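**Q** data-v8.cif is the file, holding mmCIF, C-alpha atoms:
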data_query
loop_
_atom_site.label_atom_id
_atom_site.label_comp_id
_atom_site.auth_asym_id
_atom_site.auth_seq_id
_atom_site.Cartn_x
_atom_site.Cartn_y
_atom_site.Cartn_z
CA MET A 300 -28.70 -12.17 -33.22
CA SER A 301 -28.08 -10.33 -29.96
CA ASN A 302 -24.77 -8.49 -29.77
CA TYR A 303 -24.28 -9.10 -26.08
CA THR A 304 -23.80 -12.14 -23.91
CA GLU A 305 -26.92 -13.08 -22.02
CA VAL A 306 -26.40 -13.77 -18.34
CA ARG A 307 -28.61 -16.62 -17.21
CA PRO A 308 -30.22 -16.66 -13.75
CA GLY A 309 -27.70 -17.85 -11.19
CA GLN A 310 -24.79 -17.28 -13.57
CA ARG A 311 -22.12 -14.85 -12.42
CA THR A 312 -21.08 -11.93 -14.58
CA PRO A 313 -17.36 -11.66 -15.44
CA LEU A 314 -16.98 -8.90 -12.84
CA ALA A 315 -18.68 -11.02 -10.19
CA ARG A 316 -16.46 -13.99 -11.05
CA TYR A 317 -13.41 -11.74 -10.80
CA ARG A 318 -14.45 -10.48 -7.37
CA HIS A 319 -15.21 -14.02 -6.21
CA SER A 320 -11.82 -15.35 -7.36
CA LEU A 321 -10.03 -12.34 -5.88
CA TRP A 322 -11.68 -12.86 -2.51
CA LEU A 323 -10.92 -16.59 -2.48
CA LEU A 324 -7.23 -16.00 -3.23
CA THR A 325 -7.07 -13.22 -0.65
CA GLN A 326 -8.58 -15.49 1.98
CA ARG A 327 -6.06 -18.18 1.04
CA ASP A 328 -3.18 -15.72 1.44
CA LEU A 329 -4.34 -14.60 4.87
CA ARG A 330 -5.04 -18.16 6.00
CA VAL A 331 -1.62 -19.43 4.90
CA ARG A 332 0.13 -16.45 6.43
CA TYR A 333 -1.35 -16.94 9.88
CA SER A 334 -2.23 -20.64 10.07
CA THR A 335 1.20 -21.63 11.40
CA SER A 336 1.66 -18.50 13.52
CA VAL A 337 0.96 -18.51 17.24
CA LEU A 338 0.64 -14.72 17.47
CA GLY A 339 -1.26 -14.45 14.20
CA TYR A 340 -2.70 -10.95 13.82
CA PHE A 341 -0.13 -9.41 16.16
CA TRP A 342 2.69 -10.12 13.71
CA SER A 343 1.08 -7.72 11.23
CA ILE A 344 1.35 -4.85 13.71
CA LEU A 345 4.55 -5.84 15.52
CA ASP A 346 6.91 -4.64 12.78
CA PRO A 347 5.51 -1.08 12.53
CA LEU A 348 5.25 -0.88 16.33
CA VAL A 349 8.92 -1.83 16.75
CA MET A 350 9.97 0.64 14.04
CA ALA A 351 7.85 3.39 15.58
CA GLY A 352 9.32 2.62 19.01
CA ILE A 353 12.87 2.85 17.67
CA TYR A 354 12.32 6.18 15.91
CA TRP A 355 10.38 7.54 18.87
CA PHE A 356 13.27 6.67 21.20
CA VAL A 357 15.95 8.08 18.88
CA PHE A 358 14.16 11.35 18.15
CA THR A 359 12.70 12.03 21.60
CA GLN A 360 15.15 10.45 24.07
CA VAL A 361 18.52 10.55 22.28
CA PHE A 362 18.29 13.60 20.02
CA GLU A 363 16.31 16.78 20.37
CA ARG A 364 13.51 16.37 17.84
CA THR A 365 12.83 19.24 15.45
CA VAL A 366 10.43 17.44 13.08
CA GLY A 367 6.92 16.06 13.27
CA ASN A 368 4.04 16.77 15.65
CA ASP A 369 3.26 15.78 19.22
CA PRO A 370 2.44 13.12 20.23
CA TYR A 371 5.26 11.89 18.03
CA ILE A 372 4.38 8.17 18.37
CA VAL A 373 0.95 8.84 16.82
CA PHE A 374 2.60 10.99 14.14
CA LEU A 375 4.91 8.07 13.28
CA LEU A 376 2.27 5.33 13.31
CA SER A 377 -0.15 7.29 11.11
CA ALA A 378 2.40 7.02 8.28
CA LEU A 379 4.24 3.81 9.22
CA LEU A 380 1.12 1.65 9.12
CA PRO A 381 0.13 2.63 5.54
CA TRP A 382 3.80 2.43 4.55
CA MET A 383 3.84 -1.23 5.62
CA TRP A 384 0.88 -1.86 3.30
CA PHE A 385 2.67 -0.25 0.35
CA ASN A 386 6.08 -1.76 1.11
CA GLY A 387 4.75 -5.27 1.74
CA THR A 388 2.65 -5.36 -1.42
CA VAL A 389 5.39 -4.05 -3.72
CA SER A 390 7.96 -6.42 -2.19
CA ASP A 391 5.69 -9.44 -2.62
CA SER A 392 4.79 -8.35 -6.17
CA THR A 393 8.36 -9.12 -7.23
CA ARG A 394 7.54 -12.81 -6.68
CA ALA A 395 3.84 -12.76 -7.60
CA PHE A 396 4.25 -14.69 -10.87
CA LEU A 397 7.36 -16.70 -10.10
CA ARG A 398 5.97 -18.21 -6.90
CA GLU A 399 2.63 -19.26 -8.44
CA ALA A 400 3.87 -20.08 -11.96
CA LYS A 401 2.18 -23.49 -12.33
CA LEU A 402 -1.15 -22.28 -10.98
CA ILE A 403 -1.09 -19.15 -13.15
CA ARG A 404 -0.46 -21.18 -16.31
CA SER A 405 -3.15 -23.73 -15.50
CA THR A 406 -6.00 -21.33 -14.67
CA ARG A 407 -7.93 -18.93 -16.89
CA ILE A 408 -8.72 -16.28 -14.31
CA PRO A 409 -7.47 -12.77 -15.18
CA ARG A 410 -3.79 -12.56 -14.27
CA THR A 411 -4.16 -9.14 -12.66
CA ILE A 412 -5.70 -11.02 -9.73
CA TRP A 413 -2.25 -12.29 -8.73
CA VAL A 414 -1.20 -8.73 -7.98
CA ASN A 415 -4.54 -7.40 -6.74
CA ARG A 416 -4.83 -10.19 -4.20
CA LEU A 417 -1.65 -8.85 -2.58
CA VAL A 418 -3.05 -5.32 -2.55
CA LEU A 419 -6.25 -6.55 -0.91
CA SER A 420 -4.68 -8.91 1.65
CA LYS A 421 -2.11 -6.33 2.77
CA GLY A 422 -4.86 -3.70 2.75
CA ILE A 423 -6.97 -5.84 5.07
CA GLU A 424 -3.99 -6.15 7.41
CA PHE A 425 -3.62 -2.37 7.34
CA VAL A 426 -7.29 -1.79 8.20
CA ALA A 427 -6.98 -4.37 10.98
CA SER A 428 -4.06 -2.40 12.43
CA LEU A 429 -6.02 0.87 12.69
CA PRO A 430 -7.38 0.04 16.19
CA VAL A 431 -3.75 0.10 17.36
CA LEU A 432 -3.35 3.62 15.99
CA LEU A 433 -6.59 4.62 17.73
CA LEU A 434 -5.36 3.08 20.99
CA PHE A 435 -2.14 5.11 20.92
CA ALA A 436 -4.14 8.24 20.06
CA VAL A 437 -6.28 7.68 23.16
CA ILE A 438 -3.30 6.88 25.41
CA TYR A 439 -1.34 9.95 24.30
CA HIS A 440 -4.39 12.25 24.11
CA ALA A 441 -4.19 12.96 20.40
CA PRO A 442 -7.60 14.46 19.54
CA ILE A 443 -9.41 12.96 16.56
CA ASN A 444 -10.98 15.65 14.39
CA ALA A 445 -13.50 15.69 11.55
CA ASP A 446 -10.77 15.04 8.97
CA VAL A 447 -10.92 11.37 9.97
CA ILE A 448 -13.59 11.07 7.23
CA LEU A 449 -10.71 11.42 4.74
CA PHE A 450 -9.39 7.97 5.67
CA PRO A 451 -11.45 6.20 2.96
CA LEU A 452 -10.14 8.66 0.35
CA ALA A 453 -6.57 7.93 1.45
CA ILE A 454 -7.22 4.19 1.23
CA ILE A 455 -8.65 4.49 -2.31
CA ILE A 456 -5.70 6.57 -3.56
CA GLN A 457 -3.18 4.27 -1.89
CA ALA A 458 -4.86 1.16 -3.32
CA ALA A 459 -4.63 2.68 -6.82
CA LEU A 460 -0.96 3.58 -6.37
CA THR A 461 -0.01 0.23 -4.85
CA ALA A 462 -1.84 -1.77 -7.52
CA GLY A 463 -0.24 0.31 -10.27
CA VAL A 464 3.29 -0.20 -8.96
CA GLY A 465 2.62 -3.91 -8.43
CA LEU A 466 1.31 -4.34 -11.99
CA ILE A 467 4.52 -2.75 -13.30
CA VAL A 468 6.94 -4.65 -11.07
CA ALA A 469 5.38 -8.14 -11.21
CA PRO A 470 5.77 -8.80 -14.95
CA LEU A 471 9.09 -6.97 -15.36
CA VAL A 472 10.78 -9.08 -12.66
CA VAL A 473 10.01 -12.17 -14.76
CA PHE A 474 12.29 -10.81 -17.51
CA PHE A 475 14.81 -8.99 -15.33
CA ARG A 476 15.44 -11.05 -12.17
CA ASP A 477 17.88 -8.48 -10.76
CA LEU A 478 14.95 -6.08 -10.53
CA GLU A 479 13.83 -7.87 -7.37
CA ARG A 480 16.92 -6.68 -5.52
CA ALA A 481 16.70 -3.26 -7.13
CA VAL A 482 13.13 -2.88 -5.87
CA LYS A 483 14.27 -3.56 -2.30
CA LEU A 484 16.89 -0.83 -2.59
CA ILE A 485 14.39 1.59 -4.12
CA LEU A 486 11.91 0.91 -1.32
CA ARG A 487 14.60 1.55 1.28
CA PHE A 488 15.40 4.88 -0.38
CA LEU A 489 11.70 5.73 -0.73
CA PHE A 490 11.17 5.18 3.00
CA TYR A 491 13.50 8.05 3.84
CA ALA A 492 12.40 10.13 0.83
CA SER A 493 8.79 9.99 2.04
CA PRO A 494 7.38 12.03 4.96
CA ILE A 495 7.25 9.23 7.52
CA ILE A 496 9.63 10.29 10.29
CA TYR A 497 9.09 13.92 9.29
CA SER A 498 6.37 15.90 7.53
CA THR A 499 6.42 17.69 4.19
CA GLN A 500 6.33 21.01 6.06
CA ASP A 501 9.60 20.10 7.79
CA LEU A 502 11.45 20.10 4.47
CA PRO A 503 13.29 23.19 3.19
CA GLU A 504 10.89 25.43 1.31
CA GLN A 505 12.48 24.71 -2.07
CA LEU A 506 11.95 20.97 -1.57
CA GLN A 507 8.32 21.11 -0.43
CA PHE A 508 7.06 21.64 -3.97
CA TRP A 509 8.97 18.64 -5.31
CA ALA A 510 7.88 16.47 -2.38
CA ALA A 511 4.32 16.73 -3.72
CA PHE A 512 5.37 14.59 -6.68
CA ASN A 513 5.95 11.68 -4.32
CA PRO A 514 2.35 10.39 -4.20
CA LEU A 515 2.92 8.95 -0.72
CA SER A 516 3.25 12.51 0.59
CA GLY A 517 -0.37 13.30 -0.21
CA ILE A 518 -1.58 9.92 1.05
CA PHE A 519 0.18 10.30 4.41
CA SER A 520 -1.14 13.87 4.61
CA LEU A 521 -4.70 12.53 4.47
CA TYR A 522 -4.08 9.91 7.17
CA ARG A 523 -2.35 12.34 9.52
CA ALA A 524 -5.02 15.00 9.11
CA ALA A 525 -7.30 12.94 11.37
CA PHE A 526 -5.01 13.79 14.31
CA PHE A 527 -3.00 16.77 13.02
CA PRO A 528 -5.16 19.14 10.89
CA ASP A 529 -2.14 21.24 9.94
CA GLN A 530 -0.74 18.26 8.03
CA LEU A 531 -3.51 18.42 5.41
CA ASP A 532 -2.21 20.00 2.19
CA TRP A 533 -4.71 19.76 -0.67
CA PHE A 534 -2.11 20.68 -3.27
CA VAL A 535 0.07 17.73 -2.20
CA VAL A 536 -3.01 15.48 -2.03
CA GLY A 537 -4.22 16.53 -5.49
CA VAL A 538 -0.85 16.01 -7.15
CA GLY A 539 -0.44 12.68 -5.37
CA ALA A 540 -3.88 11.49 -6.46
CA VAL A 541 -3.26 12.38 -10.12
CA ILE A 542 0.13 10.61 -10.08
CA SER A 543 -1.31 7.58 -8.27
CA PHE A 544 -4.06 7.00 -10.84
CA ALA A 545 -1.60 7.73 -13.67
CA ILE A 546 0.67 5.00 -12.28
CA LEU A 547 -2.33 2.67 -12.12
CA GLY A 548 -3.04 3.37 -15.81
CA ILE A 549 0.61 2.78 -16.71
CA GLY A 550 0.58 -0.44 -14.69
CA LEU A 551 -2.47 -1.77 -16.54
CA LEU A 552 -0.86 -0.86 -19.87
CA VAL A 553 2.47 -2.51 -19.00
CA PHE A 554 0.67 -5.59 -17.74
CA SER A 555 -1.50 -5.98 -20.84
CA ARG A 556 1.52 -5.56 -23.15
CA THR A 557 3.64 -8.13 -21.30
CA GLU A 558 1.06 -10.72 -20.20
CA ARG A 559 1.57 -13.17 -23.08
CA ALA A 560 5.35 -12.95 -22.87
CA VAL A 561 5.19 -13.51 -19.11
CA LEU A 562 3.13 -16.70 -19.57
CA LYS A 563 5.73 -18.03 -22.00
CA GLU A 564 8.62 -17.09 -19.73
CA ILE A 565 7.30 -18.66 -16.53
#
Hey, can you dump this file as structure tokens for me?
**A**
Amino acid sequence: MSNYTEVRPGQRTPLARYRHSLWLLTQRDLRVRYSTSVLGYFWSILDPLVMAGIYWFVFTQVFERTVGNDPYIVFLLSALLPWMWFNGTVSDSTRAFLREAKLIRSTRIPRTIWVNRLVLSKGIEFVASLPVLLLFAVIYHAPINADVILFPLAIIIQAALTAGVGLIVAPLVVFFRDLERAVKLILRFLFYASPIIYSTQDLPEQLQFWAAFNPLSGIFSLYRAAFFPDQLDWFVVGVGAVISFAILGIGLLVFSRTERAVLKEI
């Protein structure tokens, strides 16, 4: 008897079925999100644009700015746009199982899809917002250098980090409902603890080493390097990548250990 499952012609492999289901759910998310919206796509970029505009005004028109690079609006957007991907996915992960409880119980698709669909849909929105970043770079004459090829690496590392955090948060919120509010507070703190309105180099020297252990520091370094080569710090990137994939591994472990209990609880 053969010790493997034969895949018949026309029959999808488990991986292919997973990808197919993930894409269908991602399409559903995007369709639902924008079907009742008049502005549609523009809502996905309006929030980071407003935030960037506020910080640009405060740090260039109100106070004398001592952090970041010029043009400052490009410096802000190159970190704010990926931050919105991370923040939106983690926030929505707190309700990933509670919102779809009936559907999750009644289907046999791998439950990690309910988190990964958020990572993918928010990631698509992020990629769709990149032309806006390019437009501001052109308007403000921010030269694009060869480090732009590092964008895919940044996306891969950020996807791993975001999925890992989501896989930890999603099941734990089912057991500890107060964690949803705690996550919002943590994200608010993390916004200011991450090099978004400033760079890692702007920190005091004794803090720059510890900033590397925030994986978002390395990710933002890769994005910004496309416009500001001095922002690329391979030590920060390397530490961030290791931590990001470690968090992904922890997330998969936490999820596998809690999956059965989550199904009973919801």
**Q** Starting from the displayed file, determine the output of the PyMOL selection byres ((chain A and resi 463-476) around 8) and express the residue list as a ChimeraX atom specification.
**A** /A:388-389,392-397,411,414,459-462,477-479,543-544,546-551,553-554,557-558,561,564-565
**Q** Please identify all polymer residues within 10 Å of Ala492 (chain A), counting all atoms listed in the file, omitting same-chain residues fewer than 3 positions from it, and present them as a VMD selection string.
**A** chain A and resid 486 to 489 495 to 497 510 513 515 to 516
**Q** To one decimal place, how far is CA of Asn386 (chain A) from CA of Leu562 (chain A) in Å?
**A**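 We find that CA of Asn386 (chain A) and CA of Leu562 (chain A) lie 25.7 Å from each other.
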**Q** Could you write out as number ranges by chain the residues that the PyMOL selection byres ((chain A and resi 425) around 10) matches in the shown file?
**A** A: 343-344, 380-385, 419-424, 426-430, 454
**Q** With all atoms listed in the file as the atoms that count, which of A:Leu348, A:Ala400, A:Leu376, A:Leu417 lies nearest to Leu321 (chain A)?
**A**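 Residue with the minimum atom-to-atom distance to Leu321 (chain A): A:Leu417.
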**Q** Could you check which of A:Leu449, A:Leu314, A:Ile403, A:Ile456 is closest to Pro528 (chain A), using all atoms listed in the file?
**A**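 Of A:Leu449, A:Leu314, A:Ile403, A:Ile456, the one nearest Pro528 (chain A), counting all atoms listed in the file, is A:Leu449.
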**Q** Please determine, counting all atoms listed in the file, which residue among A:Ala481, A:Val538, A:Ala525, A:Leu329 has the shortest atom-to-atom distance to Ala445 (chain A).
**A**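 Of A:Ala481, A:Val538, A:Ala525, A:Leu329, the one nearest Ala445 (chain A), counting all atoms listed in the file, is A:Ala525.
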